[in-house]
file data.pdb (PDB, C-alpha atoms)
ATOM      1  CA  MET A   1      43.869 198.281 309.510
ATOM      2  CA  ALA A   2      47.671 197.915 309.617
ATOM      3  CA  PRO A   3      47.605 194.069 309.771
ATOM      4  CA  LEU A   4      45.630 194.041 306.529
ATOM      5  CA  CYS A   5      48.609 195.558 304.702
ATOM      6  CA  ASN A   6      50.430 192.284 305.361
ATOM      7  CA  ALA A   7      48.172 190.716 302.738
ATOM      8  CA  ASN A   8      50.278 192.608 300.138
ATOM      9  CA  PRO A   9      47.508 193.633 297.754
ATOM     10  CA  VAL A  10      48.099 195.288 294.394
ATOM     11  CA  PHE A  11      46.883 198.461 296.076
ATOM     12  CA  PHE A  12      45.455 199.281 299.467
ATOM     13  CA  VAL A  13      43.557 202.366 300.626
ATOM     14  CA  ASP A  14      43.001 202.612 304.383
ATOM     15  CA  THR A  15      39.692 204.427 304.016
ATOM     16  CA  PRO A  16      38.737 204.135 307.736
ATOM     17  CA  ALA A  17      41.972 205.845 308.812
ATOM     18  CA  LEU A  18      41.560 208.523 306.145
ATOM     19  CA  LEU A  19      38.038 209.333 307.365
ATOM     20  CA  ARG A  20      39.066 209.595 311.009
ATOM     21  CA  GLN A  21      42.282 211.528 310.358
ATOM     22  CA  ALA A  22      40.434 213.957 308.095
ATOM     23  CA  GLU A  23      37.920 214.657 310.833
ATOM     24  CA  GLU A  24      40.681 215.307 313.377
ATOM     25  CA  ALA A  25      42.555 217.585 310.974
ATOM     26  CA  VAL A  26      39.485 219.740 310.327
ATOM     27  CA  TYR A  27      38.638 220.171 314.014
ATOM     28  CA  ALA A  28      42.256 221.086 314.776
ATOM     29  CA  GLU A  29      42.517 223.686 312.003
ATOM     30  CA  HIS A  30      38.987 225.105 312.187
ATOM     31  CA  PRO A  31      37.894 225.443 315.837
ATOM     32  CA  ASP A  32      34.779 227.335 314.738
ATOM     33  CA  ILE A  33      33.361 223.988 313.557
ATOM     34  CA  ALA A  34      31.879 222.393 316.663
ATOM     35  CA  GLU A  35      32.716 218.819 317.652
ATOM     36  CA  SER A  36      30.377 216.413 315.804
ATOM     37  CA  GLY A  37      29.740 219.233 313.342
ATOM     38  CA  LEU A  38      30.847 217.150 310.369
ATOM     39  CA  VAL A  39      29.142 214.373 308.416
ATOM     40  CA  VAL A  40      30.172 212.499 305.281
ATOM     41  CA  ALA A  41      28.678 211.154 302.046
ATOM     42  CA  ARG A  42      29.305 207.599 300.826
ATOM     43  CA  ASP A  43      31.394 208.828 297.878
ATOM     44  CA  ALA A  44      33.550 211.212 299.946
ATOM     45  CA  ILE A  45      36.922 209.509 299.333
ATOM     46  CA  SER A  46      38.855 209.966 296.107
ATOM     47  CA  PHE A  47      42.332 208.618 295.376
ATOM     48  CA  SER A  48      44.584 209.003 292.355
ATOM     49  CA  CYS A  49      48.138 208.525 291.084
ATOM     50  CA  MET A  50      49.688 210.781 288.427
ATOM     51  CA  PRO A  51      53.405 210.347 287.624
ATOM     52  CA  GLY A  52      53.880 214.070 287.002
ATOM     53  CA  ARG A  53      52.039 215.440 290.039
ATOM     54  CA  LYS A  54      53.884 217.930 292.275
ATOM     55  CA  ARG A  55      52.923 219.697 295.500
ATOM     56  CA  LEU A  56      53.827 223.262 296.416
ATOM     57  CA  ARG A  57      55.379 223.220 299.870
ATOM     58  CA  GLN A  58      53.410 226.262 300.994
ATOM     59  CA  ASN A  59      54.484 226.404 304.645
ATOM     60  CA  GLU A  60      58.162 225.947 303.861
ATOM     61  CA  ALA A  61      58.030 228.304 300.883
ATOM     62  CA  ALA A  62      56.517 231.047 303.032
ATOM     63  CA  SER A  63      59.286 230.905 305.655
ATOM     64  CA  GLN A  64      62.296 229.888 303.561
ATOM     65  CA  CYS A  65      63.760 230.905 300.233
ATOM     66  CA  LEU A  66      63.443 227.490 298.646
ATOM     67  CA  GLU A  67      65.254 226.891 295.382
ATOM     68  CA  HIS A  68      62.843 224.049 294.636
ATOM     69  CA  PRO A  69      59.515 224.760 296.364
ATOM     70  CA  TYR A  70      57.785 221.797 294.714
ATOM     71  CA  VAL A  71      57.997 218.132 295.684
ATOM     72  CA  ALA A  72      56.949 215.100 293.611
ATOM     73  CA  VAL A  73      53.846 213.402 295.028
ATOM     74  CA  PRO A  74      52.442 210.972 292.424
ATOM     75  CA  CYS A  75      49.713 209.624 294.736
ATOM     76  CA  LYS A  76      47.158 211.635 296.701
ATOM     77  CA  ALA A  77      44.004 210.803 298.659
ATOM     78  CA  SER A  78      41.259 213.343 299.363
ATOM     79  CA  VAL A  79      38.381 213.203 301.830
ATOM     80  CA  ARG A  80      35.426 215.535 301.281
ATOM     81  CA  LEU A  81      33.533 216.199 304.514
ATOM     82  CA  MET A  82      30.274 218.114 304.925
ATOM     83  CA  VAL A  83      29.475 220.781 307.522
ATOM     84  CA  ARG A  84      26.385 219.282 309.147
ATOM     85  CA  SER A  85      24.502 222.561 309.616
ATOM     86  CA  SER A  86      24.878 223.435 305.912
ATOM     87  CA  VAL A  87      23.351 220.246 304.468
ATOM     88  CA  THR A  88      20.012 220.587 302.686
ATOM     89  CA  GLN A  89      18.320 217.841 300.660
ATOM     90  CA  GLN A  90      15.465 217.794 298.177
ATOM     91  CA  VAL A  91      13.643 214.820 296.642
ATOM     92  CA  SER A  92      11.891 215.019 293.256
ATOM     93  CA  ALA A  93       9.669 212.279 291.825
ATOM     94  CA  LEU A  94      10.449 211.247 288.234
ATOM     95  CA  ARG A  95       8.008 209.917 285.641
ATOM     96  CA  ASN A  96       9.628 206.486 285.601
ATOM     97  CA  GLY A  97       8.714 205.858 289.244
ATOM     98  CA  ARG A  98      12.156 206.667 290.557
ATOM     99  CA  CYS A  99      13.335 209.736 292.457
ATOM    100  CA  ARG A 100      16.081 212.299 292.141
ATOM    101  CA  PHE A 101      17.922 213.306 295.302
ATOM    102  CA  ASP A 102      19.674 216.693 295.321
ATOM    103  CA  THR A 103      22.025 217.667 298.146
ATOM    104  CA  THR A 104      23.636 221.044 298.809
ATOM    105  CA  TYR A 105      26.340 221.475 301.441
ATOM    106  CA  ARG A 106      29.409 223.471 302.486
ATOM    107  CA  PRO A 107      32.486 221.200 302.139
ATOM    108  CA  VAL A 108      35.794 220.883 303.959
ATOM    109  CA  ILE A 109      38.374 218.892 301.982
ATOM    110  CA  VAL A 110      41.430 217.182 303.447
ATOM    111  CA  ASP A 111      44.244 216.114 301.106
ATOM    112  CA  PHE A 112      46.734 213.403 302.116
ATOM    113  CA  PHE A 113      49.886 213.478 299.991
ATOM    114  CA  GLN A 114      52.400 210.736 299.351
ATOM    115  CA  ASP A 115      55.191 212.599 301.145
ATOM    116  CA  GLY A 116      53.178 212.625 304.392
ATOM    117  CA  ALA A 117      51.851 216.185 304.093
ATOM    118  CA  THR A 118      48.237 216.938 304.982
ATOM    119  CA  GLU A 119      46.380 220.015 303.752
ATOM    120  CA  VAL A 120      42.913 221.229 304.722
ATOM    121  CA  ARG A 121      40.892 223.228 302.204
ATOM    122  CA  ARG A 122      37.670 225.039 303.027
ATOM    123  CA  PRO A 123      35.964 226.384 299.877
ATOM    124  CA  GLY A 124      33.814 229.442 300.471
ATOM    125  CA  PHE A 125      30.909 228.170 298.381
ATOM    126  CA  ASP A 126      28.400 225.320 298.429
ATOM    127  CA  PHE A 127      28.792 222.034 296.598
ATOM    128  CA  ASP A 128      25.889 220.280 294.854
ATOM    129  CA  ALA A 129      25.406 216.525 294.466
ATOM    130  CA  GLY A 130      22.644 214.700 292.604
ATOM    131  CA  ARG A 131      21.611 211.068 292.491
ATOM    132  CA  VAL A 132      18.759 209.074 290.923
ATOM    133  CA  GLY A 133      17.478 205.874 292.540
ATOM    134  CA  ASP A 134      14.585 204.084 294.189
ATOM    135  CA  CYS A 135      12.462 206.510 296.164
ATOM    136  CA  ASP A 136      12.816 204.584 299.444
ATOM    137  CA  ILE A 137      16.638 204.627 299.616
ATOM    138  CA  ASP A 138      18.321 206.625 302.354
ATOM    139  CA  VAL A 139      20.775 209.185 300.961
ATOM    140  CA  SER A 140      21.271 211.056 304.220
ATOM    141  CA  PRO A 141      24.921 211.807 305.111
ATOM    142  CA  ASP A 142      26.635 209.311 307.416
ATOM    143  CA  GLU A 143      28.322 209.885 310.731
ATOM    144  CA  ILE A 144      32.059 209.703 310.065
ATOM    145  CA  ASP A 145      32.851 206.928 312.534
ATOM    146  CA  ALA A 146      29.840 204.892 311.395
ATOM    147  CA  LEU A 147      31.058 204.958 307.788
ATOM    148  CA  ALA A 148      34.603 204.157 308.950
ATOM    149  CA  GLN A 149      33.338 201.095 310.805
ATOM    150  CA  HIS A 150      31.362 200.018 307.732
ATOM    151  CA  HIS A 151      34.544 200.213 305.624
ATOM    152  CA  GLU A 152      36.501 198.292 308.275
ATOM    153  CA  ALA A 153      34.056 195.393 308.058
ATOM    154  CA  ILE A 154      34.358 195.263 304.271
ATOM    155  CA  LEU A 155      38.166 195.428 304.327
ATOM    156  CA  ALA A 156      38.317 192.675 306.949
ATOM    157  CA  ARG A 157      36.312 190.377 304.654
ATOM    158  CA  GLU A 158      38.230 191.395 301.570
ATOM    159  CA  PHE A 159      41.726 190.764 302.948
ATOM    160  CA  SER A 160      41.045 187.968 305.431
ATOM    161  CA  GLU A 161      42.490 185.182 303.267
ATOM    162  CA  GLN A 162      44.872 186.992 300.921
ATOM    163  CA  GLU A 163      48.543 186.180 300.512
ATOM    164  CA  ILE A 164      49.837 187.989 297.445
ATOM    165  CA  ALA A 165      53.476 188.504 296.423
ATOM    166  CA  ARG A 166      54.635 192.117 296.204
ATOM    167  CA  GLY A 167      56.599 193.501 293.233
ATOM    168  CA  ASP A 168      59.287 196.182 293.163
ATOM    169  CA  GLY A 169      57.181 199.235 292.272
ATOM    170  CA  THR A 170      55.538 199.848 295.629
ATOM    171  CA  ILE A 171      54.667 203.413 296.568
ATOM    172  CA  THR A 172      53.938 203.768 300.274
ATOM    173  CA  HIS A 173      52.516 206.584 302.343
ATOM    174  CA  PRO A 174      54.608 207.137 305.515
ATOM    175  CA  HIS A 175      51.533 206.735 307.704
ATOM    176  CA  GLY A 176      50.156 203.750 305.828
ATOM    177  CA  TYR A 177      46.994 205.468 304.549
ATOM    178  CA  PHE A 178      47.517 204.061 301.079
ATOM    179  CA  GLU A 179      49.877 201.801 299.177
ATOM    180  CA  VAL A 180      50.090 201.155 295.451
ATOM    181  CA  ASP A 181      52.289 198.585 293.740
ATOM    182  CA  VAL A 182      52.275 200.434 290.421
ATOM    183  CA  GLU A 183      54.382 197.885 288.561
ATOM    184  CA  ARG A 184      52.186 194.928 289.502
ATOM    185  CA  LEU A 185      49.028 196.914 288.820
ATOM    186  CA  PHE A 186      50.018 197.742 285.231
ATOM    187  CA  ARG A 187      51.380 194.253 284.578
ATOM    188  CA  VAL A 188      48.246 192.568 285.924
ATOM    189  CA  ALA A 189      46.170 194.764 283.635
ATOM    190  CA  GLN A 190      48.437 194.010 280.678
ATOM    191  CA  GLU A 191      48.330 190.246 281.273
ATOM    192  CA  SER A 192      44.538 190.311 281.302
ATOM    193  CA  THR A 193      44.546 191.509 277.668
ATOM    194  CA  GLU A 194      47.029 188.919 276.344
ATOM    195  CA  TRP A 195      44.161 186.802 275.013
ATOM    196  CA  ALA A 196      43.570 189.658 272.563
ATOM    197  CA  ALA A 197      47.117 189.597 271.192
ATOM    198  CA  GLU A 198      45.806 189.353 267.639
ATOM    199  CA  LYS A 199      44.666 192.953 268.022
ATOM    200  CA  GLY A 200      48.297 194.009 267.819
ATOM    201  CA  ASP A 201      50.351 196.067 270.225
ATOM    202  CA  LEU A 202      48.233 197.775 272.878
ATOM    203  CA  ARG A 203      49.353 200.933 274.635
ATOM    204  CA  LEU A 204      47.973 202.700 277.677
ATOM    205  CA  ARG A 205      45.580 205.503 276.912
ATOM    206  CA  GLU A 206      47.133 207.317 279.884
ATOM    207  CA  SER A 207      49.268 206.478 282.895
ATOM    208  CA  ASP A 208      47.151 208.407 285.408
ATOM    209  CA  LEU A 209      45.154 206.215 287.780
ATOM    210  CA  SER A 210      41.897 207.010 289.560
ATOM    211  CA  PHE A 211      40.761 204.671 292.327
ATOM    212  CA  TYR A 212      37.102 204.279 293.217
ATOM    213  CA  CYS A 213      36.145 203.256 296.761
ATOM    214  CA  ASP A 214      32.438 202.740 297.390
ATOM    215  CA  ALA A 215      30.872 200.534 300.042
ATOM    216  CA  ASP A 216      27.587 200.412 298.090
ATOM    217  CA  ILE A 217      29.032 198.789 294.968
ATOM    218  CA  ALA A 218      29.163 194.989 294.754
ATOM    219  CA  TRP A 219      31.331 193.283 292.158
ATOM    220  CA  ALA A 220      30.316 189.660 292.826
ATOM    221  CA  ALA A 221      30.523 187.679 289.600
ATOM    222  CA  THR A 222      27.546 186.056 287.887
ATOM    223  CA  ASN A 223      27.241 182.330 288.553
ATOM    224  CA  PRO A 224      28.710 180.713 285.379
ATOM    225  CA  VAL A 225      26.421 177.671 285.667
ATOM    226  CA  THR A 226      23.058 179.191 286.544
ATOM    227  CA  LEU A 227      23.831 182.652 285.097
ATOM    228  CA  LEU A 228      22.101 184.104 288.147
ATOM    229  CA  ILE A 229      23.247 187.508 289.344
ATOM    230  CA  PRO A 230      24.177 187.292 293.051
ATOM    231  CA  SER A 231      22.734 189.542 295.735
ATOM    232  CA  GLN A 232      24.154 193.040 295.419
ATOM    233  CA  GLN A 233      23.440 194.069 298.999
ATOM    234  CA  GLN A 234      27.078 194.133 300.097
ATOM    235  CA  SER A 235      30.365 195.026 298.442
ATOM    236  CA  THR A 236      32.793 192.212 297.748
ATOM    237  CA  SER A 237      35.569 194.682 296.903
ATOM    238  CA  LEU A 238      35.797 198.157 298.355
ATOM    239  CA  CYS A 239      38.169 199.787 295.836
ATOM    240  CA  HIS A 240      39.088 199.334 292.183
ATOM    241  CA  THR A 241      40.821 201.255 289.411
ATOM    242  CA  GLU A 242      40.452 201.258 285.650
ATOM    243  CA  VAL A 243      43.137 201.021 282.964
ATOM    244  CA  ILE A 244      42.384 201.546 279.264
ATOM    245  CA  PHE A 245      44.523 199.997 276.528
ATOM    246  CA  THR A 246      44.199 201.196 272.935
ATOM    247  CA  GLY A 247      45.547 199.927 269.625
ATOM    248  CA  GLY A 248      45.815 201.048 266.022
ATOM    249  CA  GLU A 249      46.884 204.438 264.750
ATOM    250  CA  ARG A 250      46.553 207.495 266.992
ATOM    251  CA  THR A 251      45.211 210.680 265.375
ATOM    252  CA  VAL A 252      45.721 213.973 267.196
ATOM    253  CA  GLU A 253      43.815 217.078 266.082
ATOM    254  CA  LYS A 254      44.111 220.613 267.429
ATOM    255  CA  LEU A 255      40.808 222.075 268.604
ATOM    256  CA  ALA A 256      39.631 225.477 267.453
ATOM    257  CA  GLY A 257      40.007 228.455 269.736
ATOM    258  CA  ASP A 258      43.170 227.279 271.480
ATOM    259  CA  LYS A 259      41.180 224.686 273.448
ATOM    260  CA  GLY A 260      43.818 221.988 273.337
ATOM    261  CA  CYS A 261      43.713 218.826 271.258
ATOM    262  CA  SER A 262      41.670 215.684 270.761
ATOM    263  CA  ALA A 263      43.079 212.201 270.198
ATOM    264  CA  ARG A 264      41.366 209.183 268.695
ATOM    265  CA  ASN A 265      42.621 205.634 268.191
ATOM    266  CA  SER A 266      41.498 203.828 265.052
ATOM    267  CA  GLY A 267      41.968 200.349 266.492
ATOM    268  CA  GLY A 268      40.011 198.586 269.173
ATOM    269  CA  GLY A 269      40.860 198.781 272.829
ATOM    270  CA  PHE A 270      40.056 197.336 276.227
ATOM    271  CA  LEU A 271      39.012 198.695 279.582
ATOM    272  CA  VAL A 272      40.516 196.653 282.401
ATOM    273  CA  ARG A 273      39.009 197.025 285.861
ATOM    274  CA  VAL A 274      41.632 196.023 288.451
ATOM    275  CA  PHE A 275      40.632 195.136 292.001
ATOM    276  CA  SER A 276      42.832 195.400 295.052
ATOM    277  CA  ASP A 277      43.494 191.652 295.193
ATOM    278  CA  GLY A 278      44.783 191.619 291.614
ATOM    279  CA  GLY A 279      41.599 190.298 290.029
ATOM    280  CA  THR A 280      40.512 191.871 286.754
ATOM    281  CA  GLU A 281      37.500 192.342 284.502
ATOM    282  CA  VAL A 282      38.033 193.152 280.807
ATOM    283  CA  SER A 283      35.584 194.937 278.490
ATOM    284  CA  PRO A 284      36.070 195.977 274.830
ATOM    285  CA  VAL A 285      36.296 199.715 274.102
ATOM    286  CA  ALA A 286      34.835 200.813 270.776
ATOM    287  CA  ALA A 287      37.259 202.578 268.413
ATOM    288  CA  GLY A 288      40.010 202.484 270.997
ATOM    289  CA  GLY A 289      38.715 205.490 272.891
ATOM    290  CA  TYR A 290      38.715 209.266 272.561
ATOM    291  CA  ARG A 291      40.499 211.866 274.690
ATOM    292  CA  GLN A 292      40.429 215.645 274.866
ATOM    293  CA  GLY A 293      42.798 217.902 276.796
ATOM    294  CA  SER A 294      46.180 219.576 276.478
ATOM    295  CA  CYS A 295      48.019 218.647 273.297
ATOM    296  CA  ASN A 296      50.918 217.079 275.213
ATOM    297  CA  SER A 297      48.683 214.921 277.398
ATOM    298  CA  VAL A 298      46.402 213.514 274.684
ATOM    299  CA  ALA A 299      49.288 212.743 272.340
ATOM    300  CA  ASP A 300      50.998 210.648 274.995
ATOM    301  CA  ALA A 301      50.121 206.947 274.908
ATOM    302  CA  PRO A 302      52.837 205.192 276.943
ATOM    303  CA  SER A 303      53.645 201.518 276.927
ATOM    304  CA  VAL A 304      53.397 199.648 280.223
ATOM    305  CA  GLU A 305      57.182 199.762 280.571
ATOM    306  CA  GLU A 306      57.227 203.536 280.024
ATOM    307  CA  ALA A 307      54.456 204.105 282.557
ATOM    308  CA  ILE A 308      56.248 202.019 285.190
ATOM    309  CA  ALA A 309      59.499 203.904 284.542
ATOM    310  CA  ARG A 310      57.763 207.244 285.140
ATOM    311  CA  TYR A 311      56.432 206.179 288.512
ATOM    312  CA  ARG A 312      59.769 204.683 289.509
ATOM    313  CA  GLU A 313      61.519 207.941 288.628
ATOM    314  CA  GLN A 314      59.188 209.945 290.877
ATOM    315  CA  ALA A 315      59.368 207.402 293.697
ATOM    316  CA  ALA A 316      63.174 207.634 293.637
ATOM    317  CA  ILE A 317      62.934 211.382 294.301
ATOM    318  CA  GLN A 318      61.126 210.856 297.616
TER     319      GLN A 318
END
call {"tool": "encode", "arguments": {"input": "data.pdb", "output": "structure tokens"}}
result
Amino acid sequence: MAPLCNANPVFFVDTPALLRQAEEAVYAEHPDIAESGLVVARDAISFSCMPGRKRLRQNEAASQCLEHPYVAVPCKASVRLMVRSSVTQQVSALRNGRCRFDTTYRPVIVDFFQDGATEVRRPGFDFDAGRVGDCDIDVSPDEIDALAQHHEAILAREFSEQEIARGDGTITHPHGYFEVDVERLFRVAQESTEWAAEKGDLRLRESDLSFYCDADIAWAATNPVTLLIPSQQQSTSLCHTEVIFTGGERTVEKLAGDKGCSARNSGGGFLVRVFSDGGTEVSPVAAGGYRQGSCNSVADAPSVEEAIARYREQAAIQ
């Protein structure tokens, strides 16, 4: 997938490499799991960027008296694998003619951090996953290499003709598993809302980013002439992220029982879905959105410039 990075997208997640490297890491650290003893679900990869995220350097901290045992790692990718022998599935028919699929499995999770560190976690309890859909769909776990090859085909289509200029806010993983041009991403999202300038100044609801990579989702646009929805059999973009802008006054209220705070914006807002090639889709958000969490986090609504500065500050520490 390395040549695809030359297309210089707004962000790039090498999902095939993540799947294969996660498998290798688990077999190396847990020899009790037999070769080919792992499978994977379609939604196994998660990726996020948080300007304040830090990682405890566990191995170094255990052997050295570190004055600063934490390191800044704004971006992190996780791969959730399934121990094949632990997977059980149940199908229940619903009254509307559809079915519910419930899966239980024992997970092994591999985290890939921005500073190049890799950590393997093996929870000692089962995970549950549920999904509703047509009764004839196949929700069985995939073989890891088969899913990796499926992602490779999608990425090859997605980046085959792209030539996009790169900005100055690039965050790069040393092994090339993921790359995010944070500055361009926020600016692309901001530019997509300029047609709504009469709404007043818009601020980010938060500067954290969650990226969604799913080979089953197709984002092909509706034909503007015929208004026909295109075939949704194949993805046209493997990964996207969402940015929410809010306007108006921000009201923060403390929740009872020391449960943090809630924040609500009186003005309207917009959800901007940003794709890896820089394309966007914009949707109105009623009442500017609502958040609940720690009082510091919900009260913080940075501007685009402030969000970019936070990521730059952390990237400079690397």
call {"tool": "resolve_selection", "arguments": {"input": "data.pdb", "expression": "the PyMOL selection byres ((chain A and resi 190) around 12)", "output": "ChimeraX atom specification"}}
result
/A:183-189,191-197,201-204,242-246,269-274,278,280-282,303-305,307
call {"tool": "resolve_selection", "arguments": {"input": "data.pdb", "expression": "the PyMOL selection byres ((chain A and resi 88) around 10)", "output": "list in words"}}
result
Arg84, Ser85, Ser86, Val87, Gln89, Gln90, Asp102, Thr103, Thr104, Tyr105, Arg106, Asp128 and Ser140 of chain A
call {"tool": "resolve_selection", "arguments": {"input": "data.pdb", "expression": "the PyMOL selection byres ((chain A and resi 132) around 6)", "output": "JSON, numbers by chain"}}
result
{"A": [99, 100, 131, 133]}
call {"tool": "closest_residue", "arguments": {"input": "data.pdb", "among": "A:Phe125, A:Phe101, A:Phe112, A:Tyr70", "to": "Phe178 (chain A)", "atoms": "all atoms listed in the file"}}
result
A:Phe112
call {"tool": "closest_residue", "arguments": {"input": "data.pdb", "among": "A:Ala44, A:Ile154, A:Ala148, A:Ala22", "to": "Glu119 (chain A)", "atoms": "only C-alpha atoms"}}
result
A:Ala22
call {"tool": "residues_around", "arguments": {"input": "data.pdb", "residues": "Val13 (chain A)", "least_positions_apart": "5", "cutoff": "9 Å", "atoms": "all atoms listed in the file", "output": "ChimeraX atom specification"}}
result
/A:18,47,77,176-180,213,239,276
call {"tool": "residues_around", "arguments": {"input": "data.pdb", "residues": "Ser210 (chain A)", "least_positions_apart": "4", "cutoff": "7 Å", "atoms": "only C-alpha atoms", "output": "PDB file with C-alpha atoms, in the coordinates of the input"}}
result
ATOM      1  CA  PHE A  47      42.332 208.618 295.376  1.00  0.00           C
ATOM      2  CA  SER A  48      44.584 209.003 292.355  1.00  0.00           C
ATOM      3  CA  CYS A  49      48.138 208.525 291.084  1.00  0.00           C
ATOM      4  CA  THR A 241      40.821 201.255 289.411  1.00  0.00           C
TER       5      THR A 241
END
call {"tool": "atom_distance", "arguments": {"input": "data.pdb", "atom1": "CA of Ile45 (chain A)", "atom2": "CA of Ala301 (chain A)"}}
result
27.9 Å
call {"tool": "atom_distance", "arguments": {"input": "data.pdb", "atom1": "CA of Leu255 (chain A)", "atom2": "CA of Ser207 (chain A)"}}
result
22.8 Å
call {"tool": "residues_around", "arguments": {"input": "data.pdb", "residues": "Val120 (chain A)", "least_positions_apart": "6", "cutoff": "7 Å", "atoms": "all atoms listed in the file", "output": "list in words"}}
result
Val26, Ile109, Val110 and Asp111 of chain A
call {"tool": "closest_residue", "arguments": {"input": "data.pdb", "among": "A:Arg20, A:Leu94, A:Val139, A:Arg250", "to": "Arg80 (chain A)", "atoms": "only C-alpha atoms"}}
result
A:Arg20
call {"tool": "closest_residue", "arguments": {"input": "data.pdb", "among": "A:Asp216, A:Glu206, A:Asp181, A:Glu152", "to": "Cys75 (chain A)", "atoms": "all atoms listed in the file"}}
result
A:Asp181
call {"tool": "axis_aligned_box", "arguments": {"input": "data.pdb", "around": "region 88-103 of chain A", "padding_each_side": "5 Å", "output": "lines of an AutoDock Vina configuration file"}}
result
center_x = 15.0
center_y = 213.2
center_z = 294.1
size_x = 24.0
size_y = 24.7
size_z = 27.1
call {"tool": "closest_residue", "arguments": {"input": "data.pdb", "among": "A:Phe211, A:Phe11, A:Phe275, A:Phe113", "to": "Pro74 (chain A)", "atoms": "all atoms listed in the file"}}
result
A:Phe113
call {"tool": "atom_distance", "arguments": {"input": "data.pdb", "atom1": "CA of Gly248 (chain A)", "atom2": "CA of Asn265 (chain A)"}}
result
6.0 Å
call {"tool": "closest_residue", "arguments": {"input": "data.pdb", "among": "A:Ser283, A:Arg95, A:Val298, A:His240", "to": "Ala263 (chain A)", "atoms": "all atoms listed in the file"}}
result
A:Val298
call {"tool": "build_atoms", "arguments": {"input": "data.pdb", "residues": "region 272-277 of chain A", "atoms": "all heavy atoms", "output": "short mmCIF file (atom, residue, chain, number, x, y, z; two decimals), keeping the file's coordinate frame"}}
result
data_model
loop_
_atom_site.label_atom_id
_atom_site.label_comp_id
_atom_site.auth_asym_id
_atom_site.auth_seq_id
_atom_site.Cartn_x
_atom_site.Cartn_y
_atom_site.Cartn_z
N VAL A 272 40.23 197.68 281.41
CA VAL A 272 40.52 196.65 282.40
C VAL A 272 40.23 197.23 283.78
O VAL A 272 40.82 198.23 284.18
CB VAL A 272 41.99 196.19 282.33
CG1 VAL A 272 42.23 195.07 283.34
CG2 VAL A 272 42.33 195.73 280.92
N ARG A 273 39.31 196.64 284.48
CA ARG A 273 39.01 197.02 285.86
C ARG A 273 39.85 196.14 286.77
O ARG A 273 39.75 194.91 286.73
CB ARG A 273 37.53 196.87 286.16
CG ARG A 273 37.12 197.35 287.54
CD ARG A 273 35.61 197.29 287.73
NE ARG A 273 34.95 198.33 286.97
CZ ARG A 273 34.04 198.11 286.04
NH1 ARG A 273 33.72 196.87 285.71
NH2 ARG A 273 33.47 199.11 285.40
N VAL A 274 40.71 196.76 287.58
CA VAL A 274 41.63 196.02 288.45
C VAL A 274 41.20 196.21 289.89
O VAL A 274 41.02 197.34 290.35
CB VAL A 274 43.09 196.52 288.29
CG1 VAL A 274 44.03 195.69 289.16
CG2 VAL A 274 43.51 196.46 286.82
N PHE A 275 41.03 195.10 290.60
CA PHE A 275 40.63 195.14 292.00
C PHE A 275 41.86 195.01 292.89
O PHE A 275 42.94 194.62 292.44
CB PHE A 275 39.63 194.01 292.28
CG PHE A 275 38.40 194.10 291.43
CD1 PHE A 275 38.29 193.36 290.26
CD2 PHE A 275 37.36 194.95 291.78
CE1 PHE A 275 37.17 193.45 289.47
CE2 PHE A 275 36.23 195.05 290.98
CZ PHE A 275 36.13 194.31 289.82
N SER A 276 41.69 195.33 294.15
CA SER A 276 42.83 195.40 295.05
C SER A 276 43.55 194.06 295.22
O SER A 276 44.74 194.03 295.51
CB SER A 276 42.39 195.92 296.42
OG SER A 276 41.38 195.09 296.97
N ASP A 277 42.85 192.96 295.03
CA ASP A 277 43.49 191.65 295.19
C ASP A 277 44.16 191.17 293.92
O ASP A 277 44.69 190.06 293.86
CB ASP A 277 42.48 190.61 295.67
CG ASP A 277 41.37 190.37 294.67
OD1 ASP A 277 41.33 191.08 293.64
OD2 ASP A 277 40.53 189.48 294.91
#
